[in-house]
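Peer 1: Below is a structure I'd like to ask you about.
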Amino acid sequence: MIRTNAEYKDAQERLRRDRTVIAAQREKLGQMDLSAEEIRRAIEPALSFHEQLQEEVEAYERLVRGDTTVIESLAEIGRVLIGLRIAQQLSQADLARRLGVSESQVSRDERNDYHGITVERAQRIIAALGGRIRLEATPQVEQDDLVMA
């Protein structure tokens, strides 16, 4: 997950470099008289990493636009908090000032996706970000539990 504008810029640069490297690899392999399938298999790992990074860049861009996400577990609350900060276009230093903690504390918390955060602390962060959270809990019903009338 991309957490900062600096990481976003680095990722964009890596994508540009990757495109160049992949194109060069494809051309070099083509000169080796390999089949299209052999070339595809040879560059597949690089393409896979490239696509994963592209997905991360797109996810960051969605957060910047304020696109919200639904989570299925409170264990994912850290990603929501990071997303709120990004959507507010605040740096980790800005959030640290609002919370009265060090920037390194926010950085460490985000690097660990706020693992083990208390409800009170999550609410304090949400308030510092001017955010709002809606929680919906629904019972999970198994198909076998449904009674047909």
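Just so we're on the same page: first chain in the structure tokens is A, next is B, and so on; residues restart at 1 for each chain, and ligands are numbered from 1 in the order they show up.
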Using only C-alpha atoms, which residues sit within 12 Å of region 67-70 of chain A once same-chain residues fewer than 6 positions away are excluded, as a list of chain:residue names?
Peer 2: A:Glu58, A:Ala59, A:Tyr60, A:Glu61, A:Glu76, A:Ile77, A:Arg79, A:Val80, A:Leu81, A:Ile82, A:Gly83, A:Leu84, A:Arg85, A:Ile86, A:Ala87, A:Gln88, A:Gly131, A:Arg132, A:Ile133, A:Arg134, A:Leu135, A:Glu136
Peer 1: Could you list, as a list in words, every residue within 12 Å of region 40-45 of chain A, counting only C-alpha atoms and ignoring same-chain residues fewer than 6 positions away?
Peer 2: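 So the residues in contact are Asp18, Arg19, Val21, Ile22, Ala23, Ala24, Gln25, Arg26, Glu27, Lys28, Leu29, Gly30, Leu34, Glu51 and Gln52 of chain A.
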Peer 1: So that I have them on file, write out the residues from the current selection with N, CA and C atoms, as a PDB file, in the first residue's frame.
Peer 2:
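Below is the file that was written, out.pdb:
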ATOM      1  N   ASP A  18      10.114   0.413 -15.329  1.00  0.00           N
ATOM      2  CA  ASP A  18       9.700  -0.969 -15.618  1.00  0.00           C
ATOM      3  C   ASP A  18       9.244  -1.124 -17.066  1.00  0.00           C
ATOM      4  N   ARG A  19       8.468  -0.164 -17.544  1.00  0.00           N
ATOM      5  CA  ARG A  19       7.987  -0.247 -18.933  1.00  0.00           C
ATOM      6  C   ARG A  19       9.156  -0.305 -19.902  1.00  0.00           C
ATOM      7  N   VAL A  21      12.294  -1.269 -19.239  1.00  0.00           N
ATOM      8  CA  VAL A  21      13.030  -2.520 -19.047  1.00  0.00           C
ATOM      9  C   VAL A  21      12.276  -3.687 -19.673  1.00  0.00           C
ATOM     10  N   ILE A  22      10.975  -3.755 -19.468  1.00  0.00           N
ATOM     11  CA  ILE A  22      10.176  -4.852 -20.026  1.00  0.00           C
ATOM     12  C   ILE A  22      10.210  -4.814 -21.550  1.00  0.00           C
ATOM     13  N   ALA A  23      10.097  -3.631 -22.115  1.00  0.00           N
ATOM     14  CA  ALA A  23      10.157  -3.507 -23.580  1.00  0.00           C
ATOM     15  C   ALA A  23      11.516  -3.964 -24.098  1.00  0.00           C
ATOM     16  N   ALA A  24      12.580  -3.591 -23.406  1.00  0.00           N
ATOM     17  CA  ALA A  24      13.929  -3.992 -23.819  1.00  0.00           C
ATOM     18  C   ALA A  24      14.103  -5.503 -23.695  1.00  0.00           C
ATOM     19  N   GLN A  25      13.580  -6.072 -22.610  1.00  0.00           N
ATOM     20  CA  GLN A  25      13.663  -7.526 -22.433  1.00  0.00           C
ATOM     21  C   GLN A  25      12.901  -8.247 -23.541  1.00  0.00           C
ATOM     22  N   ARG A  26      11.707  -7.755 -23.823  1.00  0.00           N
ATOM     23  CA  ARG A  26      10.881  -8.368 -24.869  1.00  0.00           C
ATOM     24  C   ARG A  26      11.623  -8.345 -26.211  1.00  0.00           C
ATOM     25  N   GLU A  27      12.243  -7.209 -26.533  1.00  0.00           N
ATOM     26  CA  GLU A  27      12.972  -7.078 -27.797  1.00  0.00           C
ATOM     27  C   GLU A  27      14.182  -8.014 -27.835  1.00  0.00           C
ATOM     28  N   LYS A  28      14.935  -8.050 -26.741  1.00  0.00           N
ATOM     29  CA  LYS A  28      16.118  -8.907 -26.691  1.00  0.00           C
ATOM     30  C   LYS A  28      15.734 -10.379 -26.819  1.00  0.00           C
ATOM     31  N   LEU A  29      14.674 -10.781 -26.130  1.00  0.00           N
ATOM     32  CA  LEU A  29      14.226 -12.171 -26.208  1.00  0.00           C
ATOM     33  C   LEU A  29      13.712 -12.503 -27.605  1.00  0.00           C
ATOM     34  N   GLY A  30      13.073 -11.522 -28.241  1.00  0.00           N
ATOM     35  CA  GLY A  30      12.601 -11.718 -29.605  1.00  0.00           C
ATOM     36  C   GLY A  30      13.745 -11.960 -30.575  1.00  0.00           C
ATOM     37  N   LEU A  34      13.050 -16.882 -29.892  1.00  0.00           N
ATOM     38  CA  LEU A  34      12.152 -17.603 -28.986  1.00  0.00           C
ATOM     39  C   LEU A  34      10.722 -17.466 -29.476  1.00  0.00           C
ATOM     40  N   GLU A  51       2.215  -4.960 -12.839  1.00  0.00           N
ATOM     41  CA  GLU A  51       0.760  -4.844 -12.679  1.00  0.00           C
ATOM     42  C   GLU A  51       0.376  -4.621 -11.226  1.00  0.00           C
ATOM     43  N   GLN A  52       1.077  -5.295 -10.309  1.00  0.00           N
ATOM     44  CA  GLN A  52       0.800  -5.104  -8.888  1.00  0.00           C
ATOM     45  C   GLN A  52       1.087  -3.664  -8.475  1.00  0.00           C
TER      46      GLN A  52
END
Peer 1: Report, in Å to a single decimal, how far apart CA of Ile125 (chain A) and CA of Gln92 (chain A) are.
Peer 2: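 Those two atoms sit 11.7 Å apart.
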Peer 1: Counting only C-alpha atoms, which residue out of A:Met32, A:Met1, A:Leu90, A:Ala127 sits closest to Leu53 (chain A)?
Peer 2: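 Between A:Met32, A:Met1, A:Leu90, A:Ala127, the residue approaching Leu53 (chain A) most closely is A:Met1.
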Peer 1: Can you check which residues of region 68-136 of chain A DSSP gives as alpha helix (DSSP H) on the backbone and send them as an NGL selection string?
Peer 2: :A and (77-87 or 92-99 or 103-111 or 119-128)
Peer 1: Output C-alpha atoms for every residue in that selection, as a tab-separated table (two decimals), in the first residue's frame.
Peer 2:
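Everything below was put into part.tsv:
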chain	number	residue	atom	x	y	z
A	77	ILE	CA	-9.38	-0.42	10.07
A	78	GLY	CA	-5.75	0.63	9.62
A	79	ARG	CA	-6.18	0.86	5.87
A	80	VAL	CA	-9.26	3.02	6.39
A	81	LEU	CA	-7.36	5.40	8.67
A	82	ILE	CA	-4.51	5.68	6.18
A	83	GLY	CA	-7.03	6.22	3.40
A	84	LEU	CA	-8.76	9.01	5.34
A	85	ARG	CA	-5.43	10.79	5.82
A	86	ILE	CA	-4.59	10.48	2.14
A	87	ALA	CA	-8.09	11.65	1.11
A	92	GLN	CA	2.01	11.95	8.18
A	93	ALA	CA	3.64	15.01	9.78
A	94	ASP	CA	0.33	16.92	9.55
A	95	LEU	CA	-1.55	14.09	11.25
A	96	ALA	CA	1.15	13.81	13.92
A	97	ARG	CA	0.76	17.51	14.74
A	98	ARG	CA	-3.02	17.14	15.00
A	99	LEU	CA	-2.62	14.16	17.32
A	103	GLU	CA	5.83	11.93	12.90
A	104	SER	CA	7.84	8.75	13.45
A	105	GLN	CA	4.98	7.39	15.60
A	106	VAL	CA	2.44	7.96	12.80
A	107	SER	CA	4.86	6.49	10.25
A	108	ARG	CA	5.43	3.40	12.41
A	109	ASP	CA	1.68	2.99	13.05
A	110	GLU	CA	0.87	3.25	9.34
A	111	ARG	CA	3.68	0.91	8.35
A	119	VAL	CA	-11.25	1.79	19.45
A	120	GLU	CA	-10.60	5.00	21.38
A	121	ARG	CA	-7.39	5.67	19.48
A	122	ALA	CA	-9.03	4.94	16.13
A	123	GLN	CA	-11.82	7.39	17.00
A	124	ARG	CA	-9.25	10.03	17.99
A	125	ILE	CA	-7.50	9.64	14.62
A	126	ILE	CA	-10.80	9.78	12.74
A	127	ALA	CA	-11.72	12.97	14.60
A	128	ALA	CA	-8.27	14.49	13.91
Peer 1: Which residue out of A:Val64, A:Glu72, A:Arg17, A:Ala6 has the minimum interatomic distance to Ala46 (chain A) when only C-alpha atoms are used?
Peer 2: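 For Ala46 (chain A), the nearest of the given residues is A:Arg17.
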Peer 1: May I ask for the distance between CA of Gln89 (chain A) and CA of Ser48 (chain A), given in Å to one decimal place?
Peer 2: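 Result for CA of Gln89 (chain A) versus CA of Ser48 (chain A): 29.4 Å, one decimal.
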Peer 1: Just the number, please: distance in Å from CA of Asn5 (chain A) to CA of Ser91 (chain A), one decimal.
Peer 2: 7.9 Å
